[in-house]
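Trainee: Pasting target_6.cif here (mmCIF, C-alpha atoms):
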data_final
#
loop_
_atom_site.label_atom_id
_atom_site.label_comp_id
_atom_site.auth_asym_id
_atom_site.auth_seq_id
_atom_site.Cartn_x
_atom_site.Cartn_y
_atom_site.Cartn_z
CA SER A 161 4.18 -6.63 -12.77
CA ALA A 162 5.02 -8.96 -9.92
CA VAL A 163 3.32 -11.79 -8.09
CA ILE A 164 3.95 -11.68 -4.37
CA SER A 165 3.07 -14.48 -1.96
CA GLN A 166 2.87 -13.89 1.75
CA LYS A 167 2.62 -16.41 4.56
CA PRO A 168 0.76 -16.68 6.83
CA SER A 169 -2.31 -14.93 5.46
CA ARG A 170 -3.59 -14.54 8.99
CA ASP A 171 -2.73 -15.62 12.51
CA ILE A 172 -3.88 -15.18 16.06
CA CYS A 173 -1.03 -14.93 18.54
CA GLN A 174 -0.54 -14.62 22.25
CA ARG A 175 1.01 -11.60 23.88
CA GLY A 176 4.78 -11.87 24.29
CA THR A 177 5.33 -14.30 21.43
CA SER A 178 6.96 -13.63 18.05
CA LEU A 179 5.75 -14.30 14.53
CA THR A 180 7.71 -14.44 11.29
CA ILE A 181 6.04 -13.40 8.04
CA GLN A 182 7.42 -14.64 4.76
CA CYS A 183 7.34 -12.84 1.42
CA GLN A 184 8.19 -14.53 -1.87
CA VAL A 185 8.36 -12.67 -5.20
CA ASP A 186 8.22 -14.28 -8.63
CA SER A 187 11.11 -12.17 -9.96
CA GLN A 188 14.37 -10.78 -8.67
CA VAL A 189 14.06 -7.34 -7.11
CA THR A 190 16.59 -5.05 -5.50
CA MET A 191 14.39 -3.65 -2.76
CA MET A 192 11.50 -5.14 -0.84
CA PHE A 193 9.31 -2.96 1.35
CA TRP A 194 7.46 -3.91 4.51
CA TYR A 195 4.37 -1.92 5.49
CA ARG A 196 2.02 -1.98 8.44
CA GLN A 197 -1.65 -1.11 8.26
CA GLN A 198 -3.28 -0.73 11.63
CA PRO A 199 -7.07 -1.16 11.87
CA GLY A 200 -8.86 1.61 10.03
CA GLN A 201 -5.60 3.32 9.12
CA SER A 202 -3.55 3.80 6.00
CA LEU A 203 -0.19 2.22 5.29
CA THR A 204 3.02 3.06 7.12
CA LEU A 205 6.42 1.96 5.87
CA ILE A 206 8.29 -0.14 8.43
CA ALA A 207 11.53 -0.75 6.56
CA THR A 208 13.21 -1.34 3.23
CA ALA A 209 15.06 -4.62 2.78
CA ASN A 210 18.01 -4.82 0.41
CA GLN A 211 19.72 -8.08 -0.39
CA GLY A 212 23.14 -8.31 1.19
CA SER A 213 22.80 -5.43 3.61
CA GLU A 214 20.90 -4.49 6.72
CA ALA A 215 17.37 -3.23 6.35
CA THR A 216 16.71 0.48 6.57
CA TYR A 217 14.09 1.29 9.20
CA GLU A 218 11.73 4.23 9.24
CA SER A 219 11.34 6.50 12.20
CA GLY A 220 9.46 4.76 14.99
CA PHE A 221 10.48 1.24 13.97
CA VAL A 222 13.52 -0.59 15.35
CA ILE A 223 15.37 -3.74 14.40
CA ASP A 224 14.90 -5.39 17.79
CA LYS A 225 11.14 -5.23 17.41
CA PHE A 226 10.93 -5.91 13.65
CA PRO A 227 14.00 -7.91 12.54
CA ILE A 228 14.13 -8.45 8.79
CA SER A 229 16.01 -10.97 6.71
CA ARG A 230 16.76 -10.72 3.00
CA PRO A 231 18.75 -13.81 2.04
CA ASN A 232 18.28 -13.48 -1.74
CA LEU A 233 16.66 -11.34 -4.42
CA THR A 234 13.25 -13.03 -4.28
CA PHE A 235 12.61 -13.59 -0.58
CA SER A 236 12.35 -11.68 2.69
CA THR A 237 11.00 -12.23 6.18
CA LEU A 238 9.68 -9.82 8.77
CA THR A 239 9.48 -10.89 12.40
CA VAL A 240 7.20 -9.15 14.85
CA SER A 241 8.84 -9.72 18.22
CA ASN A 242 7.45 -9.75 21.75
CA MET A 243 3.99 -8.96 20.44
CA SER A 244 1.39 -6.87 22.20
CA PRO A 245 -2.23 -6.15 21.18
CA GLU A 246 -1.00 -2.88 19.64
CA ASP A 247 0.82 -4.96 17.02
CA SER A 248 -2.49 -6.23 15.67
CA SER A 249 -2.35 -5.08 12.06
CA ILE A 250 -2.10 -6.16 8.48
CA TYR A 251 1.54 -6.49 7.46
CA LEU A 252 2.23 -6.06 3.77
CA CYS A 253 5.19 -6.86 1.59
CA SER A 254 5.69 -4.86 -1.61
CA VAL A 255 8.10 -4.44 -4.50
CA ALA A 256 8.62 -2.06 -7.40
CA PRO A 257 10.24 -4.32 -9.98
CA GLY A 258 10.22 -2.20 -13.13
CA GLY A 259 11.72 1.12 -14.04
CA THR A 260 8.33 2.83 -13.76
CA GLY A 261 8.33 2.74 -9.97
CA GLU A 262 4.95 1.01 -9.89
CA LEU A 263 4.44 -0.65 -6.52
CA PHE A 264 2.94 -4.12 -6.16
CA PHE A 265 1.69 -5.72 -2.96
CA GLY A 266 1.20 -9.14 -1.55
CA GLU A 267 -2.13 -10.19 -0.07
CA GLY A 268 -1.00 -9.18 3.38
CA SER A 269 -0.68 -11.03 6.68
CA ARG A 270 -3.45 -10.21 9.14
CA LEU A 271 -2.13 -10.49 12.67
CA THR A 272 -4.29 -10.46 15.79
CA VAL A 273 -2.57 -10.38 19.17
CA LEU A 274 -4.59 -11.38 22.21
CA LYS B 105 6.96 16.50 4.56
CA GLN B 106 4.54 15.12 2.01
CA GLU B 107 0.97 14.75 3.24
CA VAL B 108 -1.72 12.99 1.22
CA THR B 109 -5.41 13.61 1.83
CA GLN B 110 -8.36 11.77 0.33
CA ILE B 111 -11.87 13.14 0.23
CA PRO B 112 -14.47 11.88 0.87
CA ALA B 113 -13.56 9.29 3.50
CA ALA B 114 -16.60 7.26 2.53
CA LEU B 115 -19.00 7.30 -0.37
CA SER B 116 -22.16 5.36 -1.11
CA VAL B 117 -23.72 5.45 -4.58
CA PRO B 118 -26.36 3.51 -6.50
CA GLU B 119 -25.21 1.12 -9.19
CA GLY B 120 -24.62 2.73 -12.57
CA GLU B 121 -23.57 6.11 -11.25
CA ASN B 122 -20.36 7.80 -12.39
CA LEU B 123 -18.23 8.98 -9.50
CA VAL B 124 -15.05 10.88 -8.68
CA LEU B 125 -12.61 10.22 -5.86
CA ASN B 126 -10.21 12.96 -4.85
CA CYS B 127 -6.61 12.91 -3.69
CA SER B 128 -4.54 15.95 -2.73
CA PHE B 129 -0.87 16.21 -1.78
CA THR B 130 1.14 19.03 -0.29
CA ASP B 131 4.46 18.75 -2.16
CA SER B 132 4.27 18.94 -5.95
CA ALA B 133 7.80 17.53 -6.43
CA ILE B 134 6.60 13.99 -7.03
CA TYR B 135 7.99 11.09 -9.05
CA ASN B 136 4.65 9.40 -9.63
CA LEU B 137 1.19 8.87 -8.18
CA GLN B 138 -0.53 5.52 -7.92
CA TRP B 139 -4.13 4.52 -7.25
CA PHE B 140 -4.87 1.25 -5.47
CA ARG B 141 -7.89 -0.77 -4.55
CA GLN B 142 -8.09 -2.66 -1.27
CA ASP B 143 -10.76 -5.19 -0.37
CA PRO B 144 -11.43 -5.73 3.37
CA GLY B 145 -8.57 -7.50 5.12
CA LYS B 146 -6.63 -7.90 1.88
CA GLY B 147 -3.60 -6.46 0.18
CA LEU B 148 -3.54 -3.63 -2.34
CA THR B 149 -4.20 -4.02 -6.04
CA SER B 150 -2.59 -1.49 -8.35
CA LEU B 151 -5.16 0.27 -10.55
CA LEU B 152 -3.36 3.09 -12.29
CA LEU B 153 0.07 4.67 -12.22
CA ILE B 154 0.63 8.23 -13.39
CA GLN B 155 4.18 9.43 -13.89
CA SER B 156 4.98 13.03 -12.98
CA SER B 157 5.19 13.97 -16.67
CA GLN B 158 1.73 12.58 -17.46
CA ARG B 159 -1.69 14.18 -17.08
CA GLU B 160 -3.90 11.11 -17.01
CA GLN B 161 -4.12 7.35 -17.37
CA THR B 162 -7.06 5.15 -18.33
CA SER B 163 -7.87 1.51 -17.75
CA GLY B 164 -11.32 0.27 -18.69
CA ARG B 165 -13.91 2.20 -16.68
CA LEU B 166 -11.23 3.96 -14.64
CA ASN B 167 -9.57 7.25 -15.46
CA ALA B 168 -7.04 8.97 -13.23
CA SER B 169 -5.85 12.52 -13.71
CA LEU B 170 -2.91 14.37 -12.23
CA ASP B 171 -2.43 18.10 -11.73
CA LYS B 172 0.94 18.52 -10.05
CA SER B 173 0.80 22.29 -9.83
CA SER B 174 -2.36 22.19 -7.73
CA GLY B 175 -1.36 19.02 -5.89
CA ARG B 176 -4.41 17.04 -6.96
CA SER B 177 -5.39 13.78 -8.55
CA THR B 178 -8.82 12.38 -9.27
CA LEU B 179 -9.99 8.84 -9.94
CA TYR B 180 -13.07 8.69 -12.12
CA ILE B 181 -15.11 5.49 -12.12
CA ALA B 182 -17.69 5.19 -14.87
CA ALA B 183 -20.90 3.18 -14.62
CA SER B 184 -20.15 1.90 -11.13
CA GLN B 185 -20.94 -1.71 -10.21
CA PRO B 186 -21.39 -3.46 -6.84
CA GLY B 187 -18.07 -5.21 -7.49
CA ASP B 188 -16.37 -1.82 -7.36
CA SER B 189 -17.12 -1.65 -3.63
CA ALA B 190 -13.76 -1.40 -1.87
CA THR B 191 -11.39 1.12 -0.34
CA TYR B 192 -9.46 3.21 -2.85
CA LEU B 193 -6.09 4.58 -1.84
CA CYS B 194 -3.81 7.01 -3.57
CA ALA B 195 -0.09 7.08 -2.95
CA VAL B 196 2.52 9.63 -3.93
CA ARG B 197 6.16 8.75 -4.51
CA ARG B 198 9.04 11.21 -4.18
CA ASN B 199 11.96 8.82 -4.48
CA ASN B 200 12.63 5.11 -4.21
CA ASN B 201 11.63 4.80 -0.58
CA ASP B 202 9.46 7.78 0.15
CA MET B 203 5.93 6.73 -0.75
CA ARG B 204 3.08 8.36 1.17
CA PHE B 205 -0.40 6.94 1.28
CA GLY B 206 -3.71 8.63 1.79
CA ALA B 207 -6.18 7.23 4.31
CA GLY B 208 -8.44 6.02 1.51
CA THR B 209 -12.01 6.44 0.36
CA ARG B 210 -14.36 3.60 1.26
CA LEU B 211 -16.74 3.13 -1.66
CA THR B 212 -20.02 1.25 -1.49
CA VAL B 213 -21.99 0.68 -4.69
CA LYS B 214 -25.53 -0.41 -3.94
CA PRO B 215 -27.37 -2.73 -6.33
#
Please render this file's structure as structure tokens.

Mentor:
Amino acid sequence: SAVISQKPSRDICQRGTSLTIQCQVDSQVTMMFWYRQQPGQSLTLIATANQGSEATYESGFVIDKFPISRPNLTFSTLTVSNMSPEDSSIYLCSVAPGGTGELFFGEGSRLTVL
Amino acid sequence: KQEVTQIPAALSVPEGENLVLNCSFTDSAIYNLQWFRQDPGKGLTSLLLIQSSQREQTSGRLNASLDKSSGRSTLYIAASQPGDSATYLCAVRRNNNDMRFGAGTRLTVKP
């Protein structure tokens, strides 16, 4: 298993600003995944962050809007840039630390953009 | 493209009832299937993981089954309790990055 800490747990932001979400894992992992969950919707993968290389973004998500850092094997950040109300979502960090492929999630960061 | 469907979207039952949540997927070439619980505004808690070679997994009052050939999984909850009220999501993995989630079933267990 894995214990994942996310900060902030929630925030209210103004349109046009940026917010950086932090994700800390209690063990070293190769890949960290960032998901978005819009209100009333299921989860959508934003990108996969590998240590030492650029993140891999899914269709519909771009680095300019969602820059990701992965400075070491236990930490990653996701920035939501130039926010609009449509960015209001829960952002979730996840990892699959063992060979089973079981996915574990942080508590999520609930973002509201006014 | 893998699509994951969960039925029903919402379910309300009295306390003590046994219940079944359904998950179907379109591509049977899966690596594993995972059931999660999500409380409002929170992250996901892993409940059960079924590898593609397995037929079912059990944890306490929960039992999950997998039928790859028909593209179906069920989550059985025995003797439901008000604390079981949450949204239950299933997710299907094809490879390291390709994990598809259903929209979830919102369960309410009434005292």

Trainee: With a cut-off of 7 Å, could you pull out the residues of chain A touching chain B and give me the nearest pair of atoms for each, distance in Å to one decimal, using all atoms listed in the file, ordered by chain and ascending number, as JSON lines?

Mentor:
{"residue": "A:Gln201", "atom": "CA", "partner": "B:Ala207", "partner_atom": "CA", "distance": 6.2}
{"residue": "A:Ser202", "atom": "CA", "partner": "B:Ala207", "partner_atom": "CA", "distance": 4.6}
{"residue": "A:Leu203", "atom": "CA", "partner": "B:Phe205", "partner_atom": "CA", "distance": 6.2}
{"residue": "A:Leu252", "atom": "CA", "partner": "B:Gly147", "partner_atom": "CA", "distance": 6.9}
{"residue": "A:Glu262", "atom": "CA", "partner": "B:Leu153", "partner_atom": "CA", "distance": 6.5}
{"residue": "A:Phe264", "atom": "CA", "partner": "B:Ser150", "partner_atom": "CA", "distance": 6.5}
{"residue": "A:Phe265", "atom": "CA", "partner": "B:Leu148", "partner_atom": "CA", "distance": 5.7}
{"residue": "A:Gly266", "atom": "CA", "partner": "B:Gly147", "partner_atom": "CA", "distance": 5.8}
{"residue": "A:Glu267", "atom": "CA", "partner": "B:Gly147", "partner_atom": "CA", "distance": 4.0}
{"residue": "A:Gly268", "atom": "CA", "partner": "B:Gly147", "partner_atom": "CA", "distance": 4.9}

Trainee: Which residues fall under the PyMOL selection byres ((chain A and resi 166-168) around 8) in this file, as an NGL selection string?

Mentor: :A and (164-165 or 169-171 or 181-184 or 253 or 266-269)

Trainee: Would you write out those residues with C-alpha atoms, as a compact mmCIF listing (two decimals), keeping the file's coordinate frame?

Mentor:
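The result, written out as selection.txt:
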# COMPACT_ATOMS: atom_id res chain seq x y z
CA ILE A 164 3.95 -11.68 -4.37
CA SER A 165 3.07 -14.48 -1.96
CA SER A 169 -2.31 -14.93 5.46
CA ARG A 170 -3.59 -14.54 8.99
CA ASP A 171 -2.73 -15.62 12.51
CA ILE A 181 6.04 -13.40 8.04
CA GLN A 182 7.42 -14.64 4.76
CA CYS A 183 7.34 -12.84 1.42
CA GLN A 184 8.19 -14.53 -1.87
CA CYS A 253 5.19 -6.86 1.59
CA GLY A 266 1.20 -9.14 -1.55
CA GLU A 267 -2.13 -10.19 -0.07
CA GLY A 268 -1.00 -9.18 3.38
CA SER A 269 -0.68 -11.03 6.68

Trainee: Residues within 6 Å of range 246-250 of chain A, please, as a ChimeraX atom specification. Count all atoms listed in the file; anything in the same chain fewer than 2 positions from it doesn't count.

Mentor: /A:196-198,244,269-273

Trainee: Work out how far apart CA of Asp224 in chain A and CA of Ala207 in chain A are and give it in Å to one decimal.

Mentor: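 About the pair CA of Asp224 in chain A and CA of Ala207 in chain A: they are 12.6 Å apart.
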
Trainee: Taking all atoms listed in the file into account, which of B:Gln110, B:Asn122, B:Ser116, B:Gly164 comes nearest Ser177 in chain B?

Mentor: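 Of B:Gln110, B:Asn122, B:Ser116, B:Gly164, the one nearest Ser177 in chain B, counting all atoms listed in the file, is B:Gln110.
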
Trainee: Could you give me, as a PDB file with C-alpha atoms, in the frame of the given file, the residues within 12 Å of Ser184 in chain B, counting only C-alpha atoms and dropping anything in the same chain fewer than 2 positions from it?

Mentor:
ATOM      1  CA  SER B 116     -22.160   5.360  -1.110  1.00  0.00           C
ATOM      2  CA  VAL B 117     -23.720   5.450  -4.580  1.00  0.00           C
ATOM      3  CA  PRO B 118     -26.360   3.510  -6.500  1.00  0.00           C
ATOM      4  CA  GLU B 119     -25.210   1.120  -9.190  1.00  0.00           C
ATOM      5  CA  GLY B 120     -24.620   2.730 -12.570  1.00  0.00           C
ATOM      6  CA  GLU B 121     -23.570   6.110 -11.250  1.00  0.00           C
ATOM      7  CA  ASN B 122     -20.360   7.800 -12.390  1.00  0.00           C
ATOM      8  CA  LEU B 123     -18.230   8.980  -9.500  1.00  0.00           C
ATOM      9  CA  VAL B 124     -15.050  10.880  -8.680  1.00  0.00           C
ATOM     10  CA  GLY B 164     -11.320   0.270 -18.690  1.00  0.00           C
ATOM     11  CA  ARG B 165     -13.910   2.200 -16.680  1.00  0.00           C
ATOM     12  CA  LEU B 166     -11.230   3.960 -14.640  1.00  0.00           C
ATOM     13  CA  TYR B 180     -13.070   8.690 -12.120  1.00  0.00           C
ATOM     14  CA  ILE B 181     -15.110   5.490 -12.120  1.00  0.00           C
ATOM     15  CA  ALA B 182     -17.690   5.190 -14.870  1.00  0.00           C
ATOM     16  CA  PRO B 186     -21.390  -3.460  -6.840  1.00  0.00           C
ATOM     17  CA  GLY B 187     -18.070  -5.210  -7.490  1.00  0.00           C
ATOM     18  CA  ASP B 188     -16.370  -1.820  -7.360  1.00  0.00           C
ATOM     19  CA  SER B 189     -17.120  -1.650  -3.630  1.00  0.00           C
ATOM     20  CA  ALA B 190     -13.760  -1.400  -1.870  1.00  0.00           C
ATOM     21  CA  LEU B 211     -16.740   3.130  -1.660  1.00  0.00           C
ATOM     22  CA  THR B 212     -20.020   1.250  -1.490  1.00  0.00           C
ATOM     23  CA  VAL B 213     -21.990   0.680  -4.690  1.00  0.00           C
ATOM     24  CA  LYS B 214     -25.530  -0.410  -3.940  1.00  0.00           C
ATOM     25  CA  PRO B 215     -27.370  -2.730  -6.330  1.00  0.00           C
TER      26      PRO B 215
END
